[in-house]
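Dropping structure-v9.cif in here (mmCIF, C-alpha atoms and all ligand atoms):
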data_target
loop_
_atom_site.label_atom_id
_atom_site.label_comp_id
_atom_site.auth_asym_id
_atom_site.auth_seq_id
_atom_site.Cartn_x
_atom_site.Cartn_y
_atom_site.Cartn_z
CA MET K 1 30.04 -23.56 4.60
CA SER K 2 29.11 -27.11 5.62
CA GLN K 3 31.46 -29.97 4.67
CA GLY K 4 29.93 -32.79 2.65
CA ALA K 5 28.54 -33.86 -0.66
CA GLU K 6 26.03 -31.35 -1.94
CA PRO K 7 26.18 -27.60 -1.18
CA ARG K 8 23.08 -26.18 0.44
CA GLY K 9 20.93 -24.18 -1.95
CA VAL K 10 17.52 -22.50 -2.25
CA THR K 11 15.66 -21.48 -5.42
CA VAL K 12 13.04 -18.72 -5.37
CA ARG K 13 10.56 -17.89 -8.12
CA VAL K 14 9.62 -14.21 -8.46
CA PRO K 15 7.20 -12.45 -10.85
CA GLY K 16 7.38 -9.12 -12.67
CA LYS K 17 4.87 -6.30 -12.06
CA ILE K 18 2.82 -3.90 -14.08
CA ASN K 19 1.41 -0.62 -12.81
CA LEU K 20 -2.33 -0.28 -13.39
CA GLU K 21 -2.25 3.28 -12.12
CA LEU K 22 0.76 5.51 -11.53
CA VAL K 23 0.18 9.05 -10.27
CA VAL K 24 3.45 10.98 -10.02
CA GLY K 25 3.61 13.82 -7.52
CA PRO K 26 6.29 16.41 -6.85
CA LEU K 27 10.04 15.77 -6.92
CA ARG K 28 11.30 15.36 -3.35
CA GLU K 29 14.56 16.61 -1.88
CA ASP K 30 15.99 13.06 -1.94
CA GLY K 31 15.62 12.90 -5.76
CA TYR K 32 12.56 10.63 -5.69
CA HIS K 33 9.00 11.55 -6.66
CA GLU K 34 6.11 11.14 -4.28
CA LEU K 35 3.84 8.47 -5.84
CA ALA K 36 0.42 6.94 -5.63
CA THR K 37 0.41 3.68 -7.57
CA VAL K 38 -1.64 0.52 -7.91
CA PHE K 39 0.47 -2.40 -9.02
CA HIS K 40 -0.12 -6.01 -9.74
CA THR K 41 2.23 -8.97 -10.17
CA VAL K 42 1.88 -10.98 -13.41
CA GLY K 43 2.98 -14.54 -14.17
CA ILE K 44 6.29 -13.89 -15.91
CA TYR K 45 9.01 -15.22 -13.65
CA ASP K 46 12.71 -15.00 -12.84
CA TYR K 47 14.30 -17.79 -10.77
CA VAL K 48 17.02 -16.91 -8.26
CA THR K 49 19.12 -19.68 -6.68
CA ALA K 50 21.36 -18.98 -3.68
CA ILE K 51 24.05 -21.59 -2.99
CA GLU K 52 26.37 -21.55 0.02
CA SER K 53 29.83 -20.49 -1.07
CA ASP K 54 33.13 -19.14 0.22
CA ARG K 55 32.85 -16.01 -1.92
CA TRP K 56 30.17 -13.76 -3.36
CA SER K 57 29.31 -14.27 -7.04
CA VAL K 58 26.42 -13.95 -9.46
CA GLN K 59 25.74 -15.68 -12.76
CA VAL K 60 22.95 -14.62 -15.08
CA SER K 61 21.28 -16.84 -17.72
CA GLY K 62 17.91 -17.08 -19.45
CA ALA K 63 15.90 -15.49 -22.26
CA THR K 64 16.36 -11.87 -21.13
CA ALA K 65 19.86 -12.15 -19.58
CA GLU K 66 21.54 -9.77 -22.02
CA GLY K 67 22.81 -6.60 -20.37
CA VAL K 68 22.22 -7.80 -16.79
CA PRO K 69 25.42 -7.31 -14.76
CA GLY K 70 27.10 -10.51 -13.55
CA ASN K 71 29.09 -8.67 -10.89
CA SER K 72 28.76 -6.84 -7.58
CA THR K 73 26.58 -4.10 -9.13
CA ASN K 74 23.75 -6.62 -9.58
CA LEU K 75 20.91 -5.64 -7.21
CA ALA K 76 20.37 -9.28 -6.15
CA ILE K 77 23.93 -9.64 -4.82
CA LYS K 78 23.57 -6.26 -3.09
CA ALA K 79 20.40 -7.62 -1.46
CA ALA K 80 22.14 -10.80 -0.23
CA LYS K 81 25.05 -8.79 1.18
CA ALA K 82 22.71 -6.29 2.89
CA LEU K 83 20.83 -9.15 4.57
CA ALA K 84 24.09 -10.80 5.71
CA ARG K 85 25.33 -7.49 7.15
CA ARG K 86 22.08 -6.74 8.95
CA TYR K 87 21.86 -10.19 10.61
CA GLY K 88 25.58 -10.85 11.14
CA VAL K 89 25.76 -13.81 8.77
CA GLU K 90 29.31 -14.94 7.97
CA GLY K 91 30.10 -16.62 4.69
CA ALA K 92 28.74 -15.84 1.26
CA VAL K 93 26.49 -17.11 -1.52
CA ALA K 94 26.83 -17.86 -5.21
CA LEU K 95 23.69 -16.51 -6.87
CA GLY K 96 22.29 -17.91 -10.12
CA ILE K 97 19.63 -15.80 -11.84
CA GLU K 98 17.50 -17.20 -14.66
CA LYS K 99 15.90 -14.20 -16.33
CA ASN K 100 12.58 -14.11 -18.17
CA ILE K 101 11.26 -10.74 -16.99
CA PRO K 102 12.10 -7.99 -19.54
CA VAL K 103 15.18 -5.96 -18.59
CA ALA K 104 14.84 -2.15 -18.29
CA GLY K 105 11.23 -2.72 -19.32
CA GLY K 106 9.20 -1.07 -16.54
CA MET K 107 8.35 -4.46 -14.98
CA ALA K 108 10.76 -4.22 -12.01
CA GLY K 109 12.91 -7.17 -13.11
CA GLY K 110 15.97 -6.05 -11.12
CA SER K 111 13.84 -5.34 -8.04
CA ALA K 112 12.22 -8.77 -8.40
CA ASP K 113 15.63 -10.47 -8.35
CA ALA K 114 16.59 -8.48 -5.24
CA ALA K 115 13.36 -9.55 -3.47
CA ALA K 116 14.02 -13.16 -4.52
CA ALA K 117 17.60 -13.02 -3.22
CA LEU K 118 16.33 -11.80 0.18
CA VAL K 119 13.82 -14.66 0.41
CA ALA K 120 16.37 -17.27 -0.81
CA CYS K 121 19.09 -16.16 1.61
CA ASP K 122 16.62 -15.92 4.50
CA ALA K 123 15.77 -19.62 3.92
CA LEU K 124 19.38 -20.67 3.27
CA TRP K 125 20.61 -18.99 6.46
CA ASP K 126 17.54 -20.12 8.43
CA LEU K 127 16.82 -16.57 9.61
CA GLN K 128 13.05 -17.25 9.56
CA LEU K 129 12.20 -13.60 8.87
CA THR K 130 8.69 -12.60 7.83
CA ARG K 131 8.11 -10.56 4.66
CA ASP K 132 7.35 -7.58 6.88
CA GLU K 133 10.69 -8.02 8.64
CA LEU K 134 12.48 -8.14 5.26
CA GLU K 135 10.73 -4.94 4.11
CA PRO K 136 13.14 -2.32 5.54
CA ILE K 137 16.13 -3.93 3.79
CA ALA K 138 14.04 -4.29 0.61
CA ALA K 139 13.07 -0.60 0.68
CA GLY K 140 16.74 0.39 1.00
CA LEU K 141 17.50 -1.49 -2.24
CA GLY K 142 14.81 0.00 -4.49
CA SER K 143 11.30 1.43 -4.45
CA ASP K 144 9.65 -1.69 -5.96
CA VAL K 145 11.52 -4.35 -3.95
CA PRO K 146 9.07 -4.44 -0.97
CA PHE K 147 6.13 -5.05 -3.33
CA LEU K 148 7.85 -8.01 -5.02
CA LEU K 149 8.28 -9.64 -1.58
CA HIS K 150 4.49 -9.72 -1.24
CA GLY K 151 3.04 -9.72 -4.78
CA GLY K 152 -0.71 -9.64 -5.43
CA THR K 153 -2.34 -6.27 -6.03
CA ALA K 154 -1.38 -3.32 -3.82
CA ILE K 155 -1.43 0.44 -3.49
CA GLY K 156 2.07 1.89 -3.17
CA SER K 157 2.74 5.32 -1.68
CA GLY K 158 5.77 7.31 -0.57
CA ARG K 159 8.30 6.55 -3.33
CA GLY K 160 6.37 3.30 -3.95
CA GLU K 161 7.74 1.36 -0.99
CA ARG K 162 4.83 1.88 1.44
CA LEU K 163 2.22 -0.78 0.71
CA ALA K 164 -1.45 -1.44 1.36
CA PRO K 165 -3.11 -4.53 -0.14
CA VAL K 166 -6.02 -4.11 -2.59
CA LEU K 167 -8.89 -6.56 -2.54
CA ALA K 168 -9.00 -8.02 -6.06
CA ARG K 169 -11.23 -10.97 -6.89
CA GLY K 170 -10.34 -13.28 -9.80
CA GLU K 171 -7.69 -12.64 -12.42
CA LEU K 172 -6.92 -10.30 -15.29
CA HIS K 173 -5.58 -11.38 -18.69
CA TRP K 174 -2.76 -9.34 -20.18
CA VAL K 175 -0.94 -9.26 -23.49
CA LEU K 176 2.46 -7.60 -23.17
CA TRP K 177 4.38 -5.91 -25.96
CA VAL K 178 8.05 -6.06 -24.99
CA SER K 179 10.61 -4.02 -26.89
CA ASN K 180 13.41 -6.03 -28.49
CA LYS K 181 15.60 -2.90 -28.51
CA PRO K 182 17.42 -1.43 -25.47
CA GLY K 183 14.94 -0.40 -22.76
CA LEU K 184 14.36 2.91 -21.00
CA SER K 185 16.26 4.29 -18.00
CA THR K 186 13.84 4.92 -15.12
CA PRO K 187 15.58 8.15 -13.92
CA GLN K 188 15.50 9.50 -17.50
CA VAL K 189 11.76 8.86 -17.82
CA TYR K 190 11.03 10.62 -14.51
CA ALA K 191 13.24 13.54 -15.62
CA GLU K 192 11.37 13.73 -18.94
CA CYS K 193 8.07 13.78 -17.04
CA ASP K 194 9.36 16.75 -14.96
CA ARG K 195 10.59 18.48 -18.13
CA LEU K 196 7.24 18.07 -19.96
CA ARG K 197 5.33 19.31 -16.90
CA ALA K 198 7.60 22.36 -16.47
CA ALA K 199 7.29 23.20 -20.19
CA ALA K 200 3.49 23.01 -19.93
CA GLY K 201 3.46 25.05 -16.68
CA VAL K 202 1.71 22.22 -14.79
CA GLN K 203 1.34 22.69 -11.00
CA VAL K 204 2.12 19.25 -9.54
CA ALA K 205 -0.29 18.23 -6.80
CA ASP K 206 0.17 15.59 -4.09
CA PRO K 207 -0.60 12.22 -5.70
CA VAL K 208 -3.93 10.57 -4.93
CA PRO K 209 -5.06 7.19 -6.32
CA SER K 210 -8.41 7.20 -8.16
CA GLY K 211 -11.25 5.35 -6.47
CA ASP K 212 -12.45 4.04 -9.86
CA LEU K 213 -9.60 1.58 -10.36
CA VAL K 214 -9.77 0.12 -6.85
CA ALA K 215 -13.56 -0.26 -7.17
CA ALA K 216 -13.18 -1.98 -10.56
CA LEU K 217 -10.54 -4.34 -9.14
CA ARG K 218 -12.89 -5.46 -6.41
CA THR K 219 -15.12 -7.08 -9.03
CA MET K 220 -12.46 -7.54 -11.74
CA ASP K 221 -14.81 -5.91 -14.25
CA THR K 222 -12.46 -5.88 -17.24
CA ASP K 223 -14.11 -2.94 -19.02
CA ALA K 224 -14.05 -0.80 -15.87
CA VAL K 225 -10.44 -1.75 -15.07
CA GLY K 226 -9.47 -1.03 -18.70
CA ALA K 227 -11.10 2.42 -18.57
CA ALA K 228 -9.36 3.26 -15.27
CA LEU K 229 -5.79 2.33 -16.33
CA HIS K 230 -3.62 5.45 -16.05
CA ASN K 231 0.10 6.22 -16.00
CA ASP K 232 1.53 9.73 -15.51
CA LEU K 233 4.87 8.50 -16.94
CA GLN K 234 3.27 7.35 -20.20
CA GLU K 235 3.63 10.67 -22.03
CA ALA K 236 7.30 10.88 -21.00
CA ALA K 237 7.98 7.27 -22.06
CA CYS K 238 6.28 7.92 -25.43
CA SER K 239 8.26 11.14 -25.86
CA LEU K 240 11.56 9.23 -25.40
CA TYR K 241 10.38 6.12 -27.30
CA PRO K 242 7.91 7.33 -29.95
CA VAL K 243 7.08 3.86 -31.31
CA LEU K 244 5.05 3.33 -28.11
CA ASP K 245 2.27 5.57 -29.48
CA ASP K 246 1.94 3.16 -32.43
CA VAL K 247 2.02 0.12 -30.14
CA LEU K 248 -0.76 1.52 -27.92
CA GLU K 249 -2.89 2.40 -30.95
CA ALA K 250 -2.35 -1.02 -32.59
CA GLY K 251 -3.50 -2.95 -29.50
CA LEU K 252 -6.60 -0.81 -28.98
CA GLU K 253 -7.56 -1.10 -32.66
CA LEU K 254 -7.20 -4.86 -32.35
CA GLY K 255 -9.77 -4.91 -29.55
CA ALA K 256 -7.89 -4.55 -26.23
CA GLN K 257 -10.16 -3.29 -23.43
CA GLY K 258 -7.37 -1.16 -22.01
CA ALA K 259 -3.76 -0.26 -22.78
CA ILE K 260 -1.00 1.20 -20.63
CA VAL K 261 2.76 1.68 -20.63
CA SER K 262 4.00 -0.25 -17.58
CA GLY K 263 5.87 1.94 -15.09
CA SER K 264 8.65 3.82 -16.85
CA GLY K 265 8.24 1.58 -19.93
CA PRO K 266 8.82 0.64 -22.64
CA THR K 267 6.73 -2.52 -21.99
CA VAL K 268 3.08 -1.97 -22.96
CA ALA K 269 0.31 -3.97 -21.26
CA PHE K 270 -3.00 -4.66 -22.99
CA LEU K 271 -5.97 -5.85 -20.98
CA VAL K 272 -8.38 -8.42 -22.50
CA GLY K 273 -11.32 -10.37 -21.07
CA THR K 274 -10.36 -14.01 -21.65
CA GLN K 275 -7.47 -16.28 -22.47
CA ALA K 276 -8.91 -16.76 -25.98
CA ALA K 277 -8.98 -12.98 -26.50
CA ALA K 278 -5.37 -12.83 -25.30
CA ILE K 279 -4.33 -15.37 -27.93
CA ASP K 280 -6.23 -13.46 -30.66
CA LEU K 281 -4.63 -10.16 -29.66
CA SER K 282 -1.14 -11.71 -29.51
CA VAL K 283 -1.52 -13.09 -33.02
CA GLY K 284 -2.90 -9.77 -34.30
CA LEU K 285 -0.11 -7.72 -32.72
CA ALA K 286 2.61 -10.07 -33.95
CA ALA K 287 1.24 -9.81 -37.51
CA ARG K 288 0.64 -6.06 -37.50
CA GLY K 289 3.62 -4.79 -35.49
CA PRO K 290 5.37 -2.60 -34.40
CA ASP K 291 8.15 -5.14 -34.08
CA GLY K 292 8.54 -6.51 -30.53
CA ASP K 293 8.17 -9.66 -28.43
CA ILE K 294 4.61 -10.56 -27.51
CA ARG K 295 4.00 -12.28 -24.17
CA ARG K 296 0.82 -13.33 -22.36
CA ALA K 297 0.35 -13.37 -18.60
CA THR K 298 -2.34 -13.32 -15.95
CA GLY K 299 -2.31 -11.50 -12.64
CA PRO K 300 -2.29 -11.12 -9.74
CA VAL K 301 0.15 -13.84 -8.65
CA ALA K 302 2.09 -14.41 -5.42
CA GLY K 303 5.38 -12.57 -4.83
CA ALA K 304 8.79 -14.22 -4.23
CA GLN K 305 8.30 -17.88 -3.19
CA VAL K 306 10.74 -20.69 -2.38
CA VAL K 307 10.25 -23.42 -5.02
CA GLN K 308 13.22 -25.68 -4.23
CA SER K 309 15.34 -26.13 -1.15
CA ILE K 310 18.37 -28.33 -0.65
CA VAL K 311 18.93 -27.55 3.01
CA PRO K 312 19.26 -30.26 5.68
CA PRO K 313 16.45 -29.94 8.25
O1 LIG A 401 14.03 3.11 -6.29
P1 LIG A 401 14.69 2.80 -7.58
O2 LIG A 401 16.18 2.61 -7.44
O3 LIG A 401 14.07 1.68 -8.34
O4 LIG A 401 14.49 4.10 -8.48
C1 LIG A 401 15.25 4.31 -9.66
C2 LIG A 401 15.16 5.79 -10.02
O5 LIG A 401 13.84 6.11 -10.45
C3 LIG A 401 15.47 6.76 -8.91
O6 LIG A 401 16.85 7.01 -8.79
C4 LIG A 401 14.71 8.00 -9.36
O7 LIG A 401 15.43 8.70 -10.35
C5 LIG A 401 13.48 7.42 -10.03
N1 LIG A 401 12.32 7.34 -9.12
C6 LIG A 401 11.69 8.51 -8.75
N2 LIG A 401 10.63 8.45 -7.88
C7 LIG A 401 10.20 7.26 -7.40
C8 LIG A 401 10.82 6.05 -7.78
C9 LIG A 401 11.90 6.14 -8.65
O8 LIG A 401 12.05 9.61 -9.19
N3 LIG A 401 9.15 7.24 -6.58
#

Go ahead and render the structure in this file as structure tokens.
Amino acid sequence: MSQGAEPRGVTVRVPGKINLELVVGPLREDGYHELATVFHTVGIYDYVTAIESDRWSVQVSGATAEGVPGNSTNLAIKAAKALARRYGVEGAVALGIEKNIPVAGGMAGGSADAAAALVACDALWDLQLTRDELEPIAAGLGSDVPFLLHGGTAIGSGRGERLAPVLARGELHWVLWVSNKPGLSTPQVYAECDRLRAAAGVQVADPVPSGDLVAALRTMDTDAVGAALHNDLQEAACSLYPVLDDVLEAGLELGAQGAIVSGSGPTVAFLVGTQAAAIDLSVGLAARGPDGDIRRATGPVAGAQVVQSIVPP
């Protein structure tokens, strides 16, 4: 650590994601499911600050901080340590995480913080790695971490870590219903999906993304995107969290052009055509319930980005 007045530090802003399509294939031998997904970053952000320090630490604050571990099990500190190990960096960082992305909400909040920690530490340690060079470490931390390094709109395959960008023109307006009760565990939702499929005798095919969604995203035709939204985990999330059926119905009755549980849930994303429609739907949902926090966001947005740097040139 350098001697002197101010410690060196870097702050990175990172968005959450929603899945516009999630096709779940067979369970693999490594415990993951083969996926075909289209995901999209939306403008709800966490901020991760890495400050040079003699020892590793993490502090969590912000609107959605409750329940996020402030110790070595936090995925962001694991990310910083993995990067240091891989590139032989000596010394440590104190991480500060300001959380706004829902926790255990199906929006990849923990993965976002890990991606942000990689980008912050890369800048702090002057490693000058590209996002592609950070990808292998990101993939080792979690299936969604590589996507949060890049952001935008992408197709994910494998367990979600293999990415191909999707051409998407313009932006989409979303209203998000966020549960104010404890969220859902991702492994439990996948297990429930397997259970429901086995009970129904479903033969699980290799996952293939639908052409309809990608075509609709090219023109950002809201009606076509709304009609093509699809999530294979939705039935499982609703089975474990039955209020989600009411949430989905309420938003559609109030005029949303599409509705989907994001990832493993329980966050529900409603698609609308304009910012004015988003405000109307937010007001309607808040008045009608079910009880939850209502947020508005547009997407796609950029992935993890340095927003402040106190590092001597
Ligand atoms: O990769 P990540 O740690 O975010 O995944 C959390 C859990 O979600 C995995 O342990 C697994 O149970 C489930 N999962 C899965 N198939 C995927 C991604 C995640 O079964 N493609």

**Prompt:** Can you tell me which residues sit at most 10 Å away from ligand LIG 401 (chain A), counting only C-alpha atoms and all ligand atoms, written as a VMD selection string?
**Reply:** chain K and resid 22 to 28 30 to 37 75 106 108 110 to 111 139 to 145 156 to 161 185 to 191 193 to 194 263 to 264

Show me as a PyMOL selection string the residues that reach within 9 Å of (0.5, -15.4, -6.3), counting all atoms listed in the file and using the file's own coordinates. chain K and resi 15+41-43+150-152+299-305

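From CA of Ile97 (chain K) back to CA of Leu244 (chain K), the distance works out to 29.0 Å.
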
Shell of 9 Å around Ala154 (chain K), all atoms listed in the file, local chain residues under 5 positions omitted, as a ChimeraX atom specification: /K:37-40,147,163-167

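Between Gln308 (chain K) and the residues K:Ala123, K:Val202, K:Leu95, K:Ala82, the shortest atom-to-atom distance, using all atoms listed in the file, involves K:Ala123.
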
Pick from K:Lys17, K:Arg55, K:Lys99, K:Lys81: nearest to Pro69 (chain K), with all atoms listed in the file counted?
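Looking at the shortest contact to Pro69 (chain K), the residue is K:Lys99.
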
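CA of Pro7 (chain K) is positioned 17.3 Å from CA of Ala80 (chain K).
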
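Within the 9 Å cut-off around Asn100 (chain K), using all atoms listed in the file and omitting residues fewer than 5 positions from it on the same chain, the listed residues are Ile44, Tyr45, Asp46, Tyr47, Gly62, Ala63, Thr64, Ala65 and Gly109 of chain K.
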
Mind checking which residues fall within 9 Å of Ser309 (chain K), counting only C-alpha atoms, ignoring those fewer than 2 positions away in the same chain, and posting them as a compact mmCIF listing (two decimals) with C-alpha atoms, keeping the file's coordinate frame?
# COMPACT_ATOMS: atom_id res chain seq x y z
CA ARG K 8 23.08 -26.18 0.44
CA GLY K 9 20.93 -24.18 -1.95
CA VAL K 10 17.52 -22.50 -2.25
CA THR K 11 15.66 -21.48 -5.42
CA VAL K 12 13.04 -18.72 -5.37
CA ALA K 120 16.37 -17.27 -0.81
CA ALA K 123 15.77 -19.62 3.92
CA LEU K 124 19.38 -20.67 3.27
CA VAL K 306 10.74 -20.69 -2.38
CA VAL K 307 10.25 -23.42 -5.02
CA VAL K 311 18.93 -27.55 3.01
CA PRO K 312 19.26 -30.26 5.68

Practice prompt. Name the residues in contact with Gly258 (chain K) at a cut-off of 10 Å, using only C-alpha atoms, excluding same-chain residues fewer than 2 positions from it; report them as an MDAnalysis selection string.
Written response: chainID K and resid 174 222:230 248 251:252 255:256 260 269:272

Go ahead and dump the residues you just picked, C-alpha atoms, as an mmCIF file, in the frame of the given file.
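Generated file (again20.cif):
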data_model
loop_
_atom_site.group_PDB
_atom_site.id
_atom_site.type_symbol
_atom_site.label_atom_id
_atom_site.label_comp_id
_atom_site.auth_asym_id
_atom_site.auth_seq_id
_atom_site.Cartn_x
_atom_site.Cartn_y
_atom_site.Cartn_z
ATOM 1 C CA TRP K 174 -2.760 -9.340 -20.180
ATOM 2 C CA THR K 222 -12.460 -5.880 -17.240
ATOM 3 C CA ASP K 223 -14.110 -2.940 -19.020
ATOM 4 C CA ALA K 224 -14.050 -0.800 -15.870
ATOM 5 C CA VAL K 225 -10.440 -1.750 -15.070
ATOM 6 C CA GLY K 226 -9.470 -1.030 -18.700
ATOM 7 C CA ALA K 227 -11.100 2.420 -18.570
ATOM 8 C CA ALA K 228 -9.360 3.260 -15.270
ATOM 9 C CA LEU K 229 -5.790 2.330 -16.330
ATOM 10 C CA HIS K 230 -3.620 5.450 -16.050
ATOM 11 C CA LEU K 248 -0.760 1.520 -27.920
ATOM 12 C CA GLY K 251 -3.500 -2.950 -29.500
ATOM 13 C CA LEU K 252 -6.600 -0.810 -28.980
ATOM 14 C CA GLY K 255 -9.770 -4.910 -29.550
ATOM 15 C CA ALA K 256 -7.890 -4.550 -26.230
ATOM 16 C CA ILE K 260 -1.000 1.200 -20.630
ATOM 17 C CA ALA K 269 0.310 -3.970 -21.260
ATOM 18 C CA PHE K 270 -3.000 -4.660 -22.990
ATOM 19 C CA LEU K 271 -5.970 -5.850 -20.980
ATOM 20 C CA VAL K 272 -8.380 -8.420 -22.500
#

Between K:Arg195, K:Asp206, K:Thr49, K:Ile77, smallest distance to Ala236 (chain K) by all atoms listed in the file belongs to K:Arg195

Centre, x/y/z edge lengths, axis-aligned box for region 254-264 of chain K with 6 Å per side, as lines of an AutoDock Vina configuration file:
center_x = -0.8
center_y = -0.5
center_z = -23.7
size_x = 30.8
size_y = 20.7
size_z = 29.3

TODO: Go ahead and compute the interatomic distance for CA of Ile155 (chain K) and CA of Ala168 (chain K), in Å to one decimal.
DONE: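 Atom-to-atom, CA of Ile155 (chain K) and CA of Ala168 (chain K) are spaced 11.6 Å apart.
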